[in-house]
Structure formats: structure tokens, C-alpha cells
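Structure file entry_27.cif with mmCIF, C-alpha atoms:
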data_start
#
loop_
_atom_site.group_PDB
_atom_site.id
_atom_site.type_symbol
_atom_site.label_atom_id
_atom_site.label_comp_id
_atom_site.auth_asym_id
_atom_site.auth_seq_id
_atom_site.Cartn_x
_atom_site.Cartn_y
_atom_site.Cartn_z
ATOM 1 C CA MET A 882 0.000 0.000 0.000
ATOM 2 C CA PRO A 883 1.486 3.327 -0.952
ATOM 3 C CA LEU A 884 2.512 5.591 1.904
ATOM 4 C CA PHE A 885 0.499 8.557 0.518
ATOM 5 C CA HIS A 886 -2.872 8.532 -1.155
ATOM 6 C CA PRO A 887 -2.540 9.677 -4.773
ATOM 7 C CA PHE A 888 -4.918 12.611 -4.142
ATOM 8 C CA PHE A 889 -3.166 13.779 -0.984
ATOM 9 C CA PRO A 890 -0.796 16.252 -2.610
ATOM 10 C CA LEU A 891 -3.645 18.040 -4.398
ATOM 11 C CA SER A 892 -5.799 18.042 -1.285
ATOM 12 C CA ALA A 893 -2.945 19.388 0.809
ATOM 13 C CA PHE A 894 -2.249 22.067 -1.756
ATOM 14 C CA LEU A 895 -5.878 23.193 -1.774
ATOM 15 C CA PHE A 896 -5.974 23.269 2.015
ATOM 16 C CA VAL A 897 -2.816 25.344 2.260
ATOM 17 C CA PHE A 898 -4.006 27.673 -0.523
ATOM 18 C CA LEU A 899 -7.391 28.287 1.113
ATOM 19 C CA PHE A 900 -5.790 28.758 4.540
ATOM 20 C CA CYS A 901 -3.255 31.271 3.237
ATOM 21 C CA SER A 902 -5.925 33.088 1.241
ATOM 22 C CA SER A 903 -8.009 33.445 4.389
ATOM 23 C CA VAL A 904 -5.078 34.817 6.372
ATOM 24 C CA THR A 905 -4.133 37.196 3.574
ATOM 25 C CA ALA A 906 -7.683 38.503 3.323
ATOM 26 C CA GLN A 907 -7.787 39.122 7.075
ATOM 27 C CA GLU A 908 -4.390 40.798 7.224
ATOM 28 C CA ALA A 909 -4.621 42.825 4.011
ATOM 29 C CA PRO A 910 -4.494 46.581 4.661
ATOM 30 C CA ALA A 911 -7.594 48.664 4.075
ATOM 31 C CA THR A 912 -8.040 50.222 0.671
ATOM 32 C CA SER A 913 -5.739 53.224 0.430
ATOM 33 C CA ALA A 914 -7.293 56.653 0.656
ATOM 34 C CA PRO A 915 -8.043 58.373 -2.652
ATOM 35 C CA ARG A 916 -5.467 60.814 -3.969
ATOM 36 C CA LEU A 917 -7.283 64.128 -3.845
ATOM 37 C CA VAL A 918 -6.227 67.524 -5.147
ATOM 38 C CA THR A 919 -8.055 70.803 -4.597
ATOM 39 C CA VAL A 920 -7.778 74.465 -5.497
ATOM 40 C CA ASP A 921 -10.164 75.423 -2.684
ATOM 41 C CA TRP A 922 -8.871 76.191 0.811
ATOM 42 C CA THR A 923 -12.176 75.360 2.528
ATOM 43 C CA ILE A 924 -12.137 71.890 1.025
ATOM 44 C CA ALA A 925 -8.455 71.554 1.935
ATOM 45 C CA GLU A 926 -8.930 72.466 5.598
ATOM 46 C CA THR A 927 -11.820 70.017 5.843
ATOM 47 C CA LEU A 928 -9.783 67.200 4.318
ATOM 48 C CA ILE A 929 -7.001 67.869 6.821
ATOM 49 C CA GLU A 930 -9.482 67.780 9.715
ATOM 50 C CA LEU A 931 -10.744 64.467 8.386
ATOM 51 C CA GLY A 932 -7.225 63.069 8.474
ATOM 52 C CA ALA A 933 -7.162 62.790 4.674
ATOM 53 C CA PRO A 934 -5.099 65.801 3.499
ATOM 54 C CA PRO A 935 -4.918 66.548 -0.218
ATOM 55 C CA VAL A 936 -1.787 65.552 -2.096
ATOM 56 C CA GLY A 937 -1.876 68.916 -3.863
ATOM 57 C CA LEU A 938 -3.269 72.359 -3.046
ATOM 58 C CA ALA A 939 -3.208 75.723 -4.793
ATOM 59 C CA GLN A 940 -1.308 78.662 -3.266
ATOM 60 C CA THR A 941 -0.056 76.955 -0.123
ATOM 61 C CA ALA A 942 1.816 80.051 1.109
ATOM 62 C CA SER A 943 -1.390 82.106 0.994
ATOM 63 C CA TYR A 944 -3.231 79.287 2.763
ATOM 64 C CA ARG A 945 -0.741 79.579 5.616
ATOM 65 C CA ASN A 946 -1.324 83.365 5.788
ATOM 66 C CA TRP A 947 -5.106 83.457 5.511
ATOM 67 C CA VAL A 948 -6.249 80.085 6.877
ATOM 68 C CA ARG A 949 -3.220 79.133 8.979
ATOM 69 C CA ALA A 950 -4.894 76.244 10.815
ATOM 70 C CA PRO A 951 -5.241 73.365 10.453
ATOM 71 C CA GLU A 952 -1.630 73.311 9.340
ATOM 72 C CA LEU A 953 -0.741 71.895 5.973
ATOM 73 C CA PRO A 954 1.237 68.651 6.199
ATOM 74 C CA SER A 955 4.734 69.047 4.813
ATOM 75 C CA GLY A 956 4.074 66.669 1.936
ATOM 76 C CA VAL A 957 1.275 68.712 0.323
ATOM 77 C CA ILE A 958 2.441 69.945 -3.095
ATOM 78 C CA ASP A 959 1.753 73.510 -4.237
ATOM 79 C CA ILE A 960 -0.024 73.218 -7.593
ATOM 80 C CA GLY A 961 0.113 76.907 -8.503
ATOM 81 C CA LEU A 962 -2.602 79.551 -8.594
ATOM 82 C CA ARG A 963 -6.131 78.774 -7.502
ATOM 83 C CA SER A 964 -7.426 80.307 -10.722
ATOM 84 C CA GLN A 965 -4.774 78.669 -12.902
ATOM 85 C CA PRO A 966 -3.258 75.493 -11.450
ATOM 86 C CA ASN A 967 -0.239 73.881 -13.073
ATOM 87 C CA ARG A 968 -1.608 71.206 -15.419
ATOM 88 C CA GLU A 969 1.712 69.403 -15.873
ATOM 89 C CA LEU A 970 2.195 69.120 -12.130
ATOM 90 C CA LEU A 971 -1.373 67.933 -11.677
ATOM 91 C CA MET A 972 -0.808 65.149 -14.195
ATOM 92 C CA GLN A 973 2.345 64.105 -12.356
ATOM 93 C CA LEU A 974 0.411 63.863 -9.087
ATOM 94 C CA LYS A 975 -2.065 61.440 -10.711
ATOM 95 C CA PRO A 976 -5.043 62.390 -8.550
ATOM 96 C CA ASP A 977 -8.085 60.166 -8.290
ATOM 97 C CA GLN A 978 -10.291 63.267 -8.061
ATOM 98 C CA ILE A 979 -9.922 67.032 -8.237
ATOM 99 C CA LEU A 980 -12.184 68.937 -5.866
ATOM 100 C CA ILE A 981 -13.339 72.487 -6.586
ATOM 101 C CA SER A 982 -16.006 74.895 -5.401
ATOM 102 C CA PRO A 983 -18.439 76.658 -7.764
ATOM 103 C CA MET A 984 -16.210 79.758 -7.671
ATOM 104 C CA PHE A 985 -13.700 77.812 -9.777
ATOM 105 C CA SER A 986 -16.232 76.199 -12.121
ATOM 106 C CA THR A 987 -14.511 77.669 -15.210
ATOM 107 C CA LEU A 988 -11.597 75.307 -14.507
ATOM 108 C CA GLU A 989 -13.698 72.167 -14.815
ATOM 109 C CA PRO A 990 -13.335 71.610 -18.603
ATOM 110 C CA VAL A 991 -9.543 71.749 -18.329
ATOM 111 C CA LEU A 992 -9.187 69.827 -15.072
ATOM 112 C CA SER A 993 -11.566 67.064 -16.140
ATOM 113 C CA SER A 994 -9.047 66.013 -18.779
ATOM 114 C CA ILE A 995 -6.680 65.127 -15.923
ATOM 115 C CA ALA A 996 -9.039 63.496 -13.413
ATOM 116 C CA PRO A 997 -12.732 63.454 -12.501
ATOM 117 C CA VAL A 998 -13.796 66.808 -11.062
ATOM 118 C CA THR A 999 -16.245 67.202 -8.175
ATOM 119 C CA SER A 1000 -17.663 70.609 -7.237
ATOM 120 C CA ILE A 1001 -18.681 71.033 -3.606
ATOM 121 C CA PRO A 1002 -20.404 74.308 -2.657
ATOM 122 C CA MET A 1003 -20.193 75.865 0.776
ATOM 123 C CA TYR A 1004 -21.398 79.410 0.116
ATOM 124 C CA GLN A 1005 -24.337 79.805 -2.223
ATOM 125 C CA PRO A 1006 -27.372 82.057 -2.563
ATOM 126 C CA GLY A 1007 -30.365 81.129 -0.457
ATOM 127 C CA GLY A 1008 -30.603 78.602 2.298
ATOM 128 C CA ASP A 1009 -28.706 78.666 5.560
ATOM 129 C CA VAL A 1010 -24.920 78.814 5.782
ATOM 130 C CA TRP A 1011 -24.885 76.342 8.690
ATOM 131 C CA GLU A 1012 -26.940 73.852 6.708
ATOM 132 C CA HIS A 1013 -24.530 74.298 3.791
ATOM 133 C CA LEU A 1014 -21.602 73.662 6.148
ATOM 134 C CA TYR A 1015 -23.144 70.340 7.151
ATOM 135 C CA GLN A 1016 -23.820 69.335 3.558
ATOM 136 C CA ALA A 1017 -20.332 70.294 2.379
ATOM 137 C CA THR A 1018 -18.600 68.536 5.270
ATOM 138 C CA ARG A 1019 -20.487 65.310 4.655
ATOM 139 C CA ARG A 1020 -19.842 65.386 0.913
ATOM 140 C CA ILE A 1021 -16.122 65.962 1.419
ATOM 141 C CA ALA A 1022 -16.010 63.208 4.033
ATOM 142 C CA SER A 1023 -17.766 60.855 1.628
ATOM 143 C CA VAL A 1024 -15.338 61.615 -1.200
ATOM 144 C CA ALA A 1025 -12.417 61.079 1.182
ATOM 145 C CA GLY A 1026 -13.865 57.739 2.301
ATOM 146 C CA ARG A 1027 -14.375 58.966 5.886
ATOM 147 C CA PRO A 1028 -18.106 59.577 6.371
ATOM 148 C CA GLU A 1029 -18.063 58.542 10.043
ATOM 149 C CA LYS A 1030 -15.252 60.967 10.789
ATOM 150 C CA GLY A 1031 -17.246 63.765 9.148
ATOM 151 C CA ASP A 1032 -20.213 63.093 11.422
ATOM 152 C CA GLN A 1033 -17.906 62.983 14.454
ATOM 153 C CA LEU A 1034 -16.456 66.390 13.583
ATOM 154 C CA LEU A 1035 -19.890 67.943 13.163
ATOM 155 C CA THR A 1036 -21.117 66.521 16.451
ATOM 156 C CA GLY A 1037 -17.961 67.711 18.199
ATOM 157 C CA LEU A 1038 -18.381 71.225 16.813
ATOM 158 C CA GLU A 1039 -21.988 71.482 18.003
ATOM 159 C CA THR A 1040 -21.021 70.213 21.455
ATOM 160 C CA TYR A 1041 -18.174 72.706 21.691
ATOM 161 C CA LEU A 1042 -20.283 75.691 20.623
ATOM 162 C CA SER A 1043 -23.035 74.673 23.014
ATOM 163 C CA SER A 1044 -20.527 74.561 25.871
ATOM 164 C CA LEU A 1045 -19.451 78.126 25.099
ATOM 165 C CA THR A 1046 -22.972 79.506 25.480
ATOM 166 C CA THR A 1047 -22.592 79.113 29.243
ATOM 167 C CA CYS A 1048 -19.830 81.722 29.091
ATOM 168 C CA PHE A 1049 -21.879 84.412 27.378
ATOM 169 C CA LYS A 1050 -25.582 83.737 27.934
ATOM 170 C CA LYS A 1051 -25.930 86.411 30.658
ATOM 171 C CA GLU A 1052 -24.007 89.149 28.886
ATOM 172 C CA ASN A 1053 -26.077 89.823 25.755
ATOM 173 C CA GLN A 1054 -22.872 91.040 24.149
ATOM 174 C CA GLN A 1055 -23.051 92.504 20.640
ATOM 175 C CA LEU A 1056 -20.151 92.133 18.241
ATOM 176 C CA LEU A 1057 -18.921 93.724 15.040
ATOM 177 C CA VAL A 1058 -16.643 91.304 13.186
ATOM 178 C CA VAL A 1059 -14.393 92.945 10.590
ATOM 179 C CA GLN A 1060 -11.322 92.527 8.407
ATOM 180 C CA PHE A 1061 -9.380 95.532 7.146
ATOM 181 C CA ILE A 1062 -8.997 96.124 3.419
ATOM 182 C CA ASP A 1063 -6.920 99.263 3.986
ATOM 183 C CA ASP A 1064 -6.784 101.948 6.676
ATOM 184 C CA ARG A 1065 -10.115 103.446 5.518
ATOM 185 C CA HIS A 1066 -12.167 100.402 4.490
ATOM 186 C CA MET A 1067 -13.132 97.029 5.901
ATOM 187 C CA ARG A 1068 -15.260 93.981 5.388
ATOM 188 C CA ILE A 1069 -17.894 93.619 8.072
ATOM 189 C CA TYR A 1070 -19.568 90.240 8.469
ATOM 190 C CA GLY A 1071 -23.296 89.704 8.866
ATOM 191 C CA LYS A 1072 -26.037 87.343 7.750
ATOM 192 C CA GLN A 1073 -24.966 84.396 5.614
ATOM 193 C CA SER A 1074 -21.373 84.561 6.909
ATOM 194 C CA LEU A 1075 -19.611 81.811 8.807
ATOM 195 C CA PHE A 1076 -18.668 84.264 11.558
ATOM 196 C CA ASP A 1077 -22.288 85.293 12.101
ATOM 197 C CA ALA A 1078 -23.422 81.676 12.305
ATOM 198 C CA VAL A 1079 -20.761 80.872 14.899
ATOM 199 C CA ILE A 1080 -21.324 83.846 17.193
ATOM 200 C CA THR A 1081 -25.070 83.177 17.182
ATOM 201 C CA ARG A 1082 -24.417 79.598 18.345
ATOM 202 C CA MET A 1083 -22.079 80.905 21.037
ATOM 203 C CA GLY A 1084 -24.916 82.907 22.571
ATOM 204 C CA LEU A 1085 -23.638 86.251 21.270
ATOM 205 C CA SER A 1086 -25.300 88.788 18.970
ATOM 206 C CA ASN A 1087 -24.147 90.381 15.748
ATOM 207 C CA ALA A 1088 -24.619 94.154 15.830
ATOM 208 C CA TRP A 1089 -24.342 94.339 12.021
ATOM 209 C CA GLN A 1090 -27.841 93.663 10.704
ATOM 210 C CA GLU A 1091 -27.582 95.378 7.325
ATOM 211 C CA GLU A 1092 -27.597 93.650 3.958
ATOM 212 C CA THR A 1093 -24.636 91.506 3.017
ATOM 213 C CA ASN A 1094 -23.389 90.019 -0.235
ATOM 214 C CA TYR A 1095 -23.127 86.444 -1.518
ATOM 215 C CA TRP A 1096 -20.297 85.760 0.958
ATOM 216 C CA GLY A 1097 -22.001 87.284 3.976
ATOM 217 C CA PHE A 1098 -20.143 90.591 4.299
ATOM 218 C CA SER A 1099 -20.529 94.265 3.470
ATOM 219 C CA THR A 1100 -17.708 96.579 2.439
ATOM 220 C CA ILE A 1101 -17.797 99.807 4.446
ATOM 221 C CA ALA A 1102 -15.746 102.883 5.292
ATOM 222 C CA ILE A 1103 -14.503 102.830 8.887
ATOM 223 C CA GLU A 1104 -16.564 105.902 9.818
ATOM 224 C CA ARG A 1105 -19.682 103.723 9.527
ATOM 225 C CA LEU A 1106 -18.683 102.306 12.930
ATOM 226 C CA ALA A 1107 -19.215 105.676 14.614
ATOM 227 C CA LYS A 1108 -22.835 104.934 15.553
ATOM 228 C CA TYR A 1109 -21.944 101.765 17.437
ATOM 229 C CA HIS A 1110 -21.229 102.950 20.962
ATOM 230 C CA TYR A 1111 -21.575 99.716 22.887
ATOM 231 C CA ALA A 1112 -20.550 96.951 20.499
ATOM 232 C CA GLN A 1113 -17.353 94.946 20.815
ATOM 233 C CA LEU A 1114 -15.202 95.256 17.692
ATOM 234 C CA VAL A 1115 -13.529 92.007 16.635
ATOM 235 C CA ILE A 1116 -10.702 92.497 14.129
ATOM 236 C CA VAL A 1117 -9.669 89.348 12.293
ATOM 237 C CA GLU A 1118 -6.124 89.249 10.951
ATOM 238 C CA PRO A 1119 -4.102 89.304 8.748
ATOM 239 C CA LEU A 1120 -3.850 93.074 8.460
ATOM 240 C CA PRO A 1121 -2.657 94.687 5.236
ATOM 241 C CA VAL A 1122 0.927 95.915 5.391
ATOM 242 C CA GLY A 1123 1.220 99.335 7.048
ATOM 243 C CA VAL A 1124 -2.369 99.520 8.273
ATOM 244 C CA LEU A 1125 -1.539 99.525 11.989
ATOM 245 C CA LYS A 1126 0.769 102.513 11.573
ATOM 246 C CA GLN A 1127 -1.775 104.333 9.426
ATOM 247 C CA LEU A 1128 -4.534 103.737 11.968
ATOM 248 C CA SER A 1129 -2.379 105.118 14.766
ATOM 249 C CA GLN A 1130 -2.236 108.376 12.808
ATOM 250 C CA SER A 1131 -5.899 108.394 11.727
ATOM 251 C CA LYS A 1132 -8.180 110.968 13.338
ATOM 252 C CA ILE A 1133 -11.241 109.095 12.087
ATOM 253 C CA TRP A 1134 -10.115 105.853 13.703
ATOM 254 C CA SER A 1135 -9.132 107.455 17.010
ATOM 255 C CA ALA A 1136 -12.530 109.217 17.213
ATOM 256 C CA LEU A 1137 -14.568 106.003 16.982
ATOM 257 C CA PRO A 1138 -16.351 105.086 20.255
ATOM 258 C CA VAL A 1139 -15.059 101.504 20.146
ATOM 259 C CA VAL A 1140 -11.499 102.821 19.907
ATOM 260 C CA GLN A 1141 -11.849 105.506 22.570
ATOM 261 C CA GLN A 1142 -13.327 102.939 24.937
ATOM 262 C CA LYS A 1143 -10.659 100.386 23.909
ATOM 263 C CA ASN A 1144 -13.502 98.055 23.128
ATOM 264 C CA TYR A 1145 -11.796 96.006 20.429
ATOM 265 C CA VAL A 1146 -9.808 92.797 20.172
ATOM 266 C CA TYR A 1147 -7.614 91.191 17.511
ATOM 267 C CA LEU A 1148 -7.916 87.574 16.439
ATOM 268 C CA PRO A 1149 -5.220 85.620 14.588
ATOM 269 C CA PRO A 1150 -6.019 84.673 10.976
ATOM 270 C CA VAL A 1151 -9.189 82.625 10.538
ATOM 271 C CA TRP A 1152 -10.509 81.791 7.074
ATOM 272 C CA SER A 1153 -13.704 83.842 6.850
ATOM 273 C CA PHE A 1154 -15.018 81.681 4.003
ATOM 274 C CA GLY A 1155 -14.035 78.432 5.659
ATOM 275 C CA GLY A 1156 -15.788 75.287 6.787
ATOM 276 C CA ILE A 1157 -15.918 73.191 9.901
ATOM 277 C CA ALA A 1158 -12.272 73.751 10.870
ATOM 278 C CA SER A 1159 -12.521 77.544 10.567
ATOM 279 C CA ALA A 1160 -15.811 77.559 12.470
ATOM 280 C CA ARG A 1161 -14.239 75.864 15.474
ATOM 281 C CA ARG A 1162 -11.067 77.943 15.271
ATOM 282 C CA PHE A 1163 -13.031 81.189 15.141
ATOM 283 C CA ALA A 1164 -15.107 80.153 18.156
ATOM 284 C CA SER A 1165 -12.010 79.182 20.114
ATOM 285 C CA GLU A 1166 -10.015 82.326 19.312
ATOM 286 C CA LEU A 1167 -13.015 84.584 19.921
ATOM 287 C CA ALA A 1168 -13.764 83.005 23.288
ATOM 288 C CA LYS A 1169 -10.136 83.383 24.382
ATOM 289 C CA ALA A 1170 -10.071 87.045 23.319
ATOM 290 C CA LEU A 1171 -13.348 87.968 25.001
ATOM 291 C CA LEU A 1172 -12.658 86.067 28.216
ATOM 292 C CA GLN A 1173 -8.985 86.916 28.706
ATOM 293 C CA ASP A 1174 -9.646 89.442 31.471
ATOM 294 C CA ARG A 1175 -11.941 87.235 33.509
ATOM 295 C CA SER A 1176 -10.647 86.163 36.890
ATOM 296 C CA VAL A 1177 -12.704 82.951 36.738
ATOM 297 C CA PRO A 1178 -12.126 80.788 33.642
ATOM 298 C CA CYS A 1179 -15.067 79.730 31.552
ATOM 299 C CA GLU A 1180 -15.809 76.018 31.811
ATOM 300 C CA GLY A 1181 -16.484 75.809 28.064
#

Turn this file's structure into C-alpha cells for me.
Amino acid sequence: MPLFHPFFPLSAFLFVFLFCSSVTAQEAPATSAPRLVTVDWTIAETLIELGAPPVGLAQTASYRNWVRAPELPSGVIDIGLRSQPNRELLMQLKPDQILISPMFSTLEPVLSSIAPVTSIPMYQPGGDVWEHLYQATRRIASVAGRPEKGDQLLTGLETYLSSLTTCFKKENQQLLVVQFIDDRHMRIYGKQSLFDAVITRMGLSNAWQEETNYWGFSTIAIERLAKYHYAQLVIVEPLPVGVLKQLSQSKIWSALPVVQQKNYVYLPPVWSFGGIASARRFASELAKALLQDRSVPCEG
């Protein structure tokens, strides 16, 4: 009688093959994240918050000046201007998708020859900016393959903003949130702006109730602030070069009630047209600035 059955080798082979296949399937790494490129800073900051940063982003130096946080990972490649990205570099990056916002819709015919293009709006006429923030965050999270993380970030933001209302609910404080254009003009943020949505959810009030544009701001001369005697002025950086010196010499600026009463604060750069990351950063920096003189810290 032969020592081995004639079918044993084949049976053994099949057993080993199936066993190894099972182990390999269990130990195989998860599908790699898609290679995403974007020209839009709001999409970029959201991807970074999701833990899925883009492989390429337009105007990275300007992102660091105007958005600042979340920080760009060192490996993110600058793909040129937001309005005119470098096509050759984009092709070298071999993205799975290129993400844009409607503001850059004219780029779609060109970019679609490199990779599929997805447009994700955050600011658009009509509707509510907070609702748009939710929709945009979830769409970006879906594209990045991290829908659960997107929901976690949104829940965390709501919890954080709710905690801050305990700090301000008794004060009925009114704010004017601005960014300087030059020493005589500024953007002031109202309805349909990210800043307005955040301060409302912090239990604060926006003193600027006049009409705003598509992006939620009005452009005004600084003397328009003269009628606001009791509002807190919130100045969001960066400031144009030379503006601080010019303001120190401005009779109009020095005559404003908010200046005479020293009722103003500066915030570090926060992307005024941002998404979930900018919303939380603005809330955090604003709370720190408004509460810095309190002897008892705010629990939020």
C-alpha cells in the first residue's frame, strides 16, 4: 500500500491555498485613501481635519497666511494659482479626483481632462450657511472615504459651541466682526457669513444687521462704525501691510467710540469663508479674546 494517497498532494495544496488566502484577506491593509487635489482652501482644511489631506493644493503660502490652521502637512504639493493650477504638475500627481467649489467652475473643462472633477459648494445664494456647512462637510467626508469621521467632527463642533454659550448667555454682548482692506475700508460680516453663524451659536449677537453680499459681508468705510457705541469690535487678521501705523495716525479711527473705549480685540487669521475647521477655530479664538480678562475661567 502506498505511503500517501494519490490525491493527498492536491488536497494538501488546496488546504494550504485556502488557509493562506483566508489569512491574507484578514491581514490585508484597508483600501488606500483616494489621492485628492483641490484648489479650494475650505475643502483643503476640511480634508485635513478628516485626516485625509490633499496631495496637492493651490497657493499653499497664501493658505498659511489666511487660513493658517489646520496646518498643511509638509508633503502637500503647491499646484500653482487657484485660478490657474499647473496642469503638468497635476498630471504628475495622478489624482483620483480634483475637488473644486463653484467659484472655480470655469476650470472644470480643463481639469476634467486630468481626473474626474467634483464641485462642492459651501457658500451659495439662499438657504442657511450652517446647513450648507453640514452638507459640504459630509460630501467631502464621503469623497475622502471617511463619512463617520465627518459626522464625528460635526457633532464635536456642536457640542463645543453649546458649551461656550454658558460663558456668554448672561451678557447679551453685541459684536462687530471685521477685516481691514486698507486703513479706511473694511469687510464687516453679517447674515450668511460663517462668523455670524458661529457667534449666534455661542450665545452672542451680531450688531451688524444690514444687507450683506453672496459671501455674507458688506464693504464699508470705517466711519460707519461711529454709531456703534456699545458693540465689541472684533478684528480678524491678517492686516494689510502698514495699516496699523496708518490707523495710529488716523483721526477718524481714534474718534470712533469703540477705539476711545478700547472696546476692540484682535484675532489671529481665521478663514472667513471656511468650513468646519474655521468655524471651530473662530469660536475658540473669539472666546479666548473675550474672556482673557476674567478672573474665573469659563468652563467651556

Excluding Lys1108 (chain A) and any residue of its chain fewer than 6 positions from it, enumerate the residues within 12 Å of it, using all atoms listed in the file, and give them as a compact mmCIF listing (two decimals) with C-alpha atoms, keeping the file's coordinate frame.
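Below you can see around27.txt, which holds the result:
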# COMPACT_ATOMS: atom_id res chain seq x y z
CA LEU A 1057 -18.92 93.72 15.04
CA ALA A 1088 -24.62 94.15 15.83
CA TRP A 1089 -24.34 94.34 12.02
CA ALA A 1136 -12.53 109.22 17.21
CA LEU A 1137 -14.57 106.00 16.98
CA PRO A 1138 -16.35 105.09 20.26
CA VAL A 1139 -15.06 101.50 20.15

When the PyMOL selection byres ((chain A and resi 1105) around 12) is applied to the structure above, which residues does it catch, written out as a JSON list (two decimals) with C-alpha atoms, keeping the file's coordinate frame?
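Here's the written file out12.json:
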[["chain", "number", "residue", "atom", "x", "y", "z"],
["A", 1057, "LEU", "CA", -18.92, 93.72, 15.04],
["A", 1065, "ARG", "CA", -10.12, 103.45, 5.52],
["A", 1066, "HIS", "CA", -12.17, 100.40, 4.49],
["A", 1067, "MET", "CA", -13.13, 97.03, 5.90],
["A", 1068, "ARG", "CA", -15.26, 93.98, 5.39],
["A", 1069, "ILE", "CA", -17.89, 93.62, 8.07],
["A", 1089, "TRP", "CA", -24.34, 94.34, 12.02],
["A", 1091, "GLU", "CA", -27.58, 95.38, 7.32],
["A", 1099, "SER", "CA", -20.53, 94.26, 3.47],
["A", 1100, "THR", "CA", -17.71, 96.58, 2.44],
["A", 1101, "ILE", "CA", -17.80, 99.81, 4.45],
["A", 1102, "ALA", "CA", -15.75, 102.88, 5.29],
["A", 1103, "ILE", "CA", -14.50, 102.83, 8.89],
["A", 1104, "GLU", "CA", -16.56, 105.90, 9.82],
["A", 1106, "LEU", "CA", -18.68, 102.31, 12.93],
["A", 1107, "ALA", "CA", -19.22, 105.68, 14.61],
["A", 1108, "LYS", "CA", -22.84, 104.93, 15.55],
["A", 1109, "TYR", "CA", -21.94, 101.76, 17.44],
["A", 1110, "HIS", "CA", -21.23, 102.95, 20.96],
["A", 1133, "ILE", "CA", -11.24, 109.10, 12.09],
["A", 1134, "TRP", "CA", -10.12, 105.85, 13.70],
["A", 1136, "ALA", "CA", -12.53, 109.22, 17.21],
["A", 1137, "LEU", "CA", -14.57, 106.00, 16.98],
["A", 1138, "PRO", "CA", -16.35, 105.09, 20.26],
["A", 1139, "VAL", "CA", -15.06, 101.50, 20.15]]

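Straight-line separation from CA of Lys1143 (chain A) to CA of Val1115 (chain A): 11.5 Å.
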
*asked:* Can you spell out as a ChimeraX atom specification the set of residues that the PyMOL selection byres ((chain A and resi 1153-1157) around 8) selects in the structure I just provided?
replied: /A:922-924,926-927,1003-1004,1014,1018,1034-1035,1038,1074-1076,1096,1151-1152,1158-1161

What residues come out when you apply the PyMOL selection byres ((chain A and resi 987-993) around 12) to this file, written as a short mmCIF file (atom, residue, chain, number, x, y, z; two decimals) with C-alpha atoms, in the frame of the given file?
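As written to disk, selection-v8.cif reads:
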data_model
loop_
_atom_site.label_atom_id
_atom_site.label_comp_id
_atom_site.auth_asym_id
_atom_site.auth_seq_id
_atom_site.Cartn_x
_atom_site.Cartn_y
_atom_site.Cartn_z
CA VAL A 918 -6.23 67.52 -5.15
CA THR A 919 -8.06 70.80 -4.60
CA VAL A 920 -7.78 74.46 -5.50
CA ASP A 921 -10.16 75.42 -2.68
CA LEU A 962 -2.60 79.55 -8.59
CA ARG A 963 -6.13 78.77 -7.50
CA SER A 964 -7.43 80.31 -10.72
CA GLN A 965 -4.77 78.67 -12.90
CA PRO A 966 -3.26 75.49 -11.45
CA ASN A 967 -0.24 73.88 -13.07
CA ARG A 968 -1.61 71.21 -15.42
CA GLU A 969 1.71 69.40 -15.87
CA LEU A 970 2.19 69.12 -12.13
CA LEU A 971 -1.37 67.93 -11.68
CA MET A 972 -0.81 65.15 -14.20
CA LYS A 975 -2.06 61.44 -10.71
CA PRO A 976 -5.04 62.39 -8.55
CA ASP A 977 -8.09 60.17 -8.29
CA GLN A 978 -10.29 63.27 -8.06
CA ILE A 979 -9.92 67.03 -8.24
CA LEU A 980 -12.18 68.94 -5.87
CA ILE A 981 -13.34 72.49 -6.59
CA SER A 982 -16.01 74.90 -5.40
CA PRO A 983 -18.44 76.66 -7.76
CA MET A 984 -16.21 79.76 -7.67
CA PHE A 985 -13.70 77.81 -9.78
CA SER A 986 -16.23 76.20 -12.12
CA SER A 994 -9.05 66.01 -18.78
CA ILE A 995 -6.68 65.13 -15.92
CA ALA A 996 -9.04 63.50 -13.41
CA PRO A 997 -12.73 63.45 -12.50
CA VAL A 998 -13.80 66.81 -11.06
CA THR A 999 -16.24 67.20 -8.18
CA SER A 1000 -17.66 70.61 -7.24
#

_Neighbouring residues of Gly1097 (chain A) were defined as those with any atom within 7 Å, considering all atoms listed in the file; residues of the same chain fewer than 4 positions away were excluded. Please report them as a ChimeraX atom specification._
/A:1070-1074,1093

_Set the distance at 9 Å and use all atoms listed in the file: which residues neighbour Pro1119 (chain A) once local chain neighbours fewer than 2 positions away are removed? I'd like the list as a VMD selection string._
chain A and resid 946 to 947 1060 to 1061 1117 1121 to 1122 1148 to 1151

*Give the answer as one residue: which of A:Met1083, A:Leu1167, A:Phe1098, A:Glu1012 has the shortest atom-to-atom distance to Lys1050 (chain A), using only C-alpha atoms?*
A:Met1083

_Between CA of Val957 (chain A) and CA of Ile1062 (chain A), what distance in Å does the model show, to one decimal?_
29.4 Å

Subset file: region 987-1000 of chain A, C-alpha atoms, as a PDB file, in the first residue's frame:
ATOM      1  CA  THR A 987     -14.511  77.669 -15.210  1.00  0.00           C
ATOM      2  CA  LEU A 988     -11.597  75.307 -14.507  1.00  0.00           C
ATOM      3  CA  GLU A 989     -13.698  72.167 -14.815  1.00  0.00           C
ATOM      4  CA  PRO A 990     -13.335  71.610 -18.603  1.00  0.00           C
ATOM      5  CA  VAL A 991      -9.543  71.749 -18.329  1.00  0.00           C
ATOM      6  CA  LEU A 992      -9.187  69.827 -15.072  1.00  0.00           C
ATOM      7  CA  SER A 993     -11.566  67.064 -16.140  1.00  0.00           C
ATOM      8  CA  SER A 994      -9.047  66.013 -18.779  1.00  0.00           C
ATOM      9  CA  ILE A 995      -6.680  65.127 -15.923  1.00  0.00           C
ATOM     10  CA  ALA A 996      -9.039  63.496 -13.413  1.00  0.00           C
ATOM     11  CA  PRO A 997     -12.732  63.454 -12.501  1.00  0.00           C
ATOM     12  CA  VAL A 998     -13.796  66.808 -11.062  1.00  0.00           C
ATOM     13  CA  THR A 999     -16.245  67.202  -8.175  1.00  0.00           C
ATOM     14  CA  SER A1000     -17.663  70.609  -7.237  1.00  0.00           C
TER      15      SER A1000
END
